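Colleague: run-v1.csv is reproduced in full below (CSV, C-alpha atoms).
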```
chain,number,residue,atom,x,y,z
A,1169,MET,CA,145.1,-193.6,-64.8
A,1170,ARG,CA,143.8,-190.3,-66.1
A,1171,ILE,CA,146.1,-187.2,-65.6
A,1172,ASP,CA,143.4,-185.2,-63.7
A,1173,LYS,CA,142.8,-188.1,-61.4
A,1174,TYR,CA,146.5,-188.6,-60.8
A,1175,LEU,CA,147.1,-184.9,-59.9
A,1176,TRP,CA,144.2,-185.1,-57.5
A,1177,CYS,CA,145.4,-188.5,-56.0
A,1178,THR,CA,148.9,-187.1,-55.4
A,1179,ARG,CA,147.4,-184.0,-53.8
A,1180,TYR,CA,148.6,-181.3,-56.3
A,1181,TYR,CA,145.0,-180.2,-56.6
A,1182,LYS,CA,142.2,-180.2,-53.9
A,1183,THR,CA,139.6,-181.5,-56.3
A,1184,ARG,CA,139.5,-183.3,-59.6
A,1185,SER,CA,137.6,-180.4,-61.2
A,1186,LEU,CA,140.4,-178.0,-60.2
A,1187,ALA,CA,142.9,-180.3,-61.8
A,1188,THR,CA,140.7,-180.5,-65.0
A,1189,GLN,CA,140.4,-176.7,-65.1
A,1190,ALA,CA,144.2,-176.4,-64.9
A,1191,ILE,CA,144.7,-178.9,-67.6
A,1192,GLN,CA,142.2,-177.1,-69.9
A,1193,LYS,CA,144.0,-173.8,-69.3
A,1194,GLY,CA,147.2,-175.4,-70.5
A,1195,HIS,CA,149.0,-175.4,-67.2
A,1196,VAL,CA,149.9,-179.1,-67.4
A,1197,THR,CA,152.1,-180.9,-69.9
A,1198,VAL,CA,153.1,-184.6,-70.1
A,1199,ASN,CA,156.5,-185.4,-71.7
A,1200,GLY,CA,156.6,-181.9,-73.2
A,1201,GLN,CA,153.2,-182.1,-74.9
A,1202,GLN,CA,150.0,-180.3,-73.9
A,1203,ALA,CA,147.7,-182.8,-72.0
A,1204,LYS,CA,144.0,-183.4,-72.0
A,1205,ALA,CA,142.2,-184.4,-68.8
A,1206,SER,CA,141.5,-187.8,-70.2
A,1207,ARG,CA,145.1,-188.6,-71.1
A,1208,ASP,CA,146.4,-191.7,-69.5
A,1209,ILE,CA,149.7,-191.6,-67.7
A,1210,PHE,CA,152.2,-194.3,-67.0
A,1211,PRO,CA,155.2,-194.8,-64.8
A,1212,SER,CA,158.3,-193.0,-66.1
A,1213,ASP,CA,156.2,-190.1,-67.6
A,1214,LYS,CA,157.3,-186.5,-66.8
A,1215,ILE,CA,154.6,-184.1,-65.8
A,1216,THR,CA,155.1,-180.4,-65.7
A,1217,VAL,CA,152.5,-178.4,-63.7
A,1218,ARG,CA,152.4,-174.6,-63.6
A,1219,ARG,CA,151.1,-173.5,-60.2
A,1220,ASP,CA,151.7,-170.4,-58.1
A,1221,GLN,CA,154.3,-169.1,-60.7
A,1222,ILE,CA,156.4,-172.3,-60.4
A,1223,ASN,CA,156.8,-175.0,-62.9
A,1224,TYR,CA,156.7,-178.2,-60.9
A,1225,ILE,CA,158.4,-181.1,-62.7
A,1226,LEU,CA,157.2,-184.5,-61.5
A,1227,ALA,CA,158.3,-188.0,-62.5
A,1228,VAL,CA,155.6,-190.6,-62.2
A,1229,LEU,CA,157.0,-193.6,-60.2
A,1230,ASP,CA,153.8,-195.6,-59.7
A,1231,ILE,CA,150.0,-195.2,-60.1
A,1232,PRO,CA,148.0,-195.0,-56.9
A,1233,LYS,CA,144.7,-196.9,-56.6
A,1234,SER,CA,143.0,-193.9,-54.9
A,1235,ARG,CA,143.8,-190.6,-53.2
A,1236,VAL,CA,146.7,-191.1,-50.9
A,1237,GLY,CA,147.7,-189.4,-47.6
A,1238,PRO,CA,150.3,-186.6,-47.6
A,1239,LYS,CA,153.0,-188.9,-46.1
A,1240,LEU,CA,152.6,-191.5,-48.9
A,1241,VAL,CA,152.7,-189.1,-51.9
A,1242,ASP,CA,156.5,-189.6,-52.4
A,1243,ILE,CA,155.9,-193.3,-53.2
A,1244,TYR,CA,154.0,-192.4,-56.3
A,1245,ARG,CA,155.9,-189.4,-57.7
A,1246,LYS,CA,159.4,-187.8,-57.6
A,1247,ASP,CA,159.5,-184.0,-57.4
A,1248,GLU,CA,162.3,-182.8,-59.7
A,1249,THR,CA,161.6,-179.1,-59.5
A,1250,PRO,CA,164.8,-177.0,-59.4
A,1251,GLN,CA,165.5,-175.1,-56.2
A,1252,GLU,CA,165.9,-171.8,-58.2
A,1253,SER,CA,162.1,-171.8,-58.9
A,1254,PHE,CA,161.3,-171.7,-55.2
A,1255,GLU,CA,164.0,-169.0,-54.6
A,1256,HIS,CA,162.4,-166.9,-57.4
A,1257,LEU,CA,159.0,-167.2,-55.7
A,1258,GLU,CA,160.4,-166.2,-52.4
A,1259,MET,CA,162.1,-163.2,-54.0
A,1260,LEU,CA,158.8,-162.1,-55.6
A,1261,ARG,CA,157.1,-162.4,-52.2
A,1262,LEU,CA,159.8,-160.3,-50.5
A,1263,THR,CA,159.6,-157.6,-53.2
A,1264,LYS,CA,155.9,-157.2,-52.7
A,1265,GLU,CA,156.3,-156.7,-49.0
A,1266,HIS,CA,159.2,-154.2,-49.4
A,1267,TYR,CA,157.2,-151.0,-49.7
A,1268,ARG,CA,154.2,-151.7,-47.5
A,1269,ALA,CA,153.7,-154.3,-44.8
A,1270,LYS,CA,150.8,-156.6,-45.4
A,1271,GLY,CA,147.6,-155.5,-43.7
A,1272,THR,CA,148.5,-151.8,-43.3
A,1273,GLY,CA,145.6,-150.7,-45.5
A,1274,ARG,CA,145.6,-148.2,-48.4
A,1275,PRO,CA,148.4,-145.8,-49.0
A,1276,THR,CA,148.1,-142.4,-47.4
A,1277,LYS,CA,148.6,-139.0,-49.1
A,1278,LYS,CA,152.1,-138.9,-47.7
A,1279,ASP,CA,152.9,-142.3,-49.3
A,1280,ARG,CA,151.6,-141.0,-52.6
A,1281,ARG,CA,153.7,-137.9,-52.4
A,1282,ASP,CA,156.8,-139.9,-51.5
A,1283,LEU,CA,156.2,-142.1,-54.6
A,1284,ASP,CA,155.8,-139.0,-56.8
A,1285,ASP,CA,159.0,-137.6,-55.4
A,1286,TYR,CA,160.7,-140.9,-56.0
A,1287,GLY,CA,159.7,-140.8,-59.7
A,1288,ASP,CA,160.9,-137.2,-60.0
A,1289,ASP,CA,164.4,-138.2,-58.9
A,1290,PHE,CA,164.8,-140.3,-62.0
A,1291,ASP,CA,163.7,-137.4,-64.2
A,1292,ASP,CA,166.8,-135.5,-63.0
A,1293,VAL,CA,169.1,-138.3,-64.2
A,1294,ILE,CA,167.4,-139.3,-67.4
A,1295,GLY,CA,165.8,-136.0,-68.3
A,1296,PRO,CA,162.2,-135.1,-68.6
A,1297,ASP,CA,160.1,-136.6,-71.4
A,1298,GLU,CA,159.9,-134.4,-74.4
A,1299,ASN,CA,156.4,-134.7,-75.9
```
How does this structure look as structure tokens?

Modeller:
Amino acid sequence: MRIDKYLWCTRYYKTRSLATQAIQKGHVTVNGQQAKASRDIFPSDKITVRRDQINYILAVLDIPKSRVGPKLVDIYRKDETPQESFEHLEMLRLTKEHYRAKGTGRPTKKDRRDLDDYGDDFDDVIGPDEN
């Protein structure tokens, strides 16, 4: 089975064209080598998919005949992605929400002044730039 069709069948991408685009961009490797969309895969191959800043590592267990339901996906692949990758993604998400809550709009003038004052605090420790 082609790699783009396999990624679509096992629900890593919503459409085959999205899977093909990801492969063309170099986000997918098979056994450590860059893949082309037409590359055939076989059971025991290792596929690495870069998606949402996580490198998913998949072991091919079997080849599906067609697109499978979400409950049946684990029959055809084994996810060997390290847990640290998901923890790293969660940390990135939390750091983005640290300063401003999502949906609060643009920063106000007060927010900008606070940021400027925050940067000035480091000038006292490091010293001003000498240009």

Colleague: I'd like the neighbourhood of A:Arg1218 as a PyMOL selection string, where a residue qualifies if any of its atoms comes within 6 Å (using only C-alpha atoms), though same-chain residues fewer than 3 positions away should be ignored.

Modeller: chain A and resi 1195+1222-1223

Colleague: Could you write out the selected residues, including C-alpha atoms, as a short mmCIF file (atom, residue, chain, number, x, y, z; two decimals), in the coordinates of the input?

Modeller:
```cif
data_model
loop_
_atom_site.label_atom_id
_atom_site.label_comp_id
_atom_site.auth_asym_id
_atom_site.auth_seq_id
_atom_site.Cartn_x
_atom_site.Cartn_y
_atom_site.Cartn_z
CA HIS A 1195 149.00 -175.40 -67.20
CA ILE A 1222 156.40 -172.30 -60.40
CA ASN A 1223 156.80 -175.00 -62.90
#
```

Colleague: Just how far from atom CA of A:Met1169 is atom CA of A:Phe1210, in Å to one decimal?

Modeller: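 Interatomic distance here is 7.5 Å.
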
Colleague: Pick the closest to A:Ser1212 from A:Met1259, A:Leu1229, A:Val1196, A:Ile1191: which is it, counting all atoms listed in the file?

Modeller: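 Result for the nearest residue to A:Ser1212: A:Leu1229.
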
Colleague: Take atom CA of A:Cys1177 and atom CA of A:Thr1216 and report the distance between them in Å, one decimal.

Modeller: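 Atom-to-atom, atom CA of A:Cys1177 to atom CA of A:Thr1216, that is 15.9 Å.
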
Colleague: For A:Ser1185, which residue among A:Leu1226, A:Lys1233, A:Arg1219, A:Lys1173 is the nearest when counting all atoms listed in the file?

Modeller: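 Closest residue, counting all atoms listed in the file: A:Lys1173.
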
Colleague: Do a neighbour search on A:Asp1213 at 8 Å with all atoms listed in the file, toss out local chain neighbours closer than 3 positions, and write the hits as a list in words.

Modeller: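 Counting all atoms listed in the file, the residues come to Val1198, Asn1199, Ile1209, Phe1210, Ala1227 and Val1228 of chain A.
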
Colleague: How would the residues just chosen look if you wrote them out with C-alpha atoms as an mmCIF file, keeping the file's coordinate frame?

Modeller:
```cif
data_model
loop_
_atom_site.group_PDB
_atom_site.id
_atom_site.type_symbol
_atom_site.label_atom_id
_atom_site.label_comp_id
_atom_site.auth_asym_id
_atom_site.auth_seq_id
_atom_site.Cartn_x
_atom_site.Cartn_y
_atom_site.Cartn_z
ATOM 1 C CA VAL A 1198 153.100 -184.600 -70.100
ATOM 2 C CA ASN A 1199 156.500 -185.400 -71.700
ATOM 3 C CA ILE A 1209 149.700 -191.600 -67.700
ATOM 4 C CA PHE A 1210 152.200 -194.300 -67.000
ATOM 5 C CA ALA A 1227 158.300 -188.000 -62.500
ATOM 6 C CA VAL A 1228 155.600 -190.600 -62.200
#
```

Colleague: Quick one: pull the distance between atom CA of A:Gln1201 and atom CA of A:Glu1248, Å, one decimal.

Modeller: 17.7 Å

Colleague: If we draw a sphere of 12 Å around (156.3, -183.6, -55.5), which residues have at least one atom in it when counting all atoms listed in the file? Please report them as an MDAnalysis selection string.

Modeller: chainID A and resid 1175 1177:1181 1214:1217 1223:1229 1238:1250
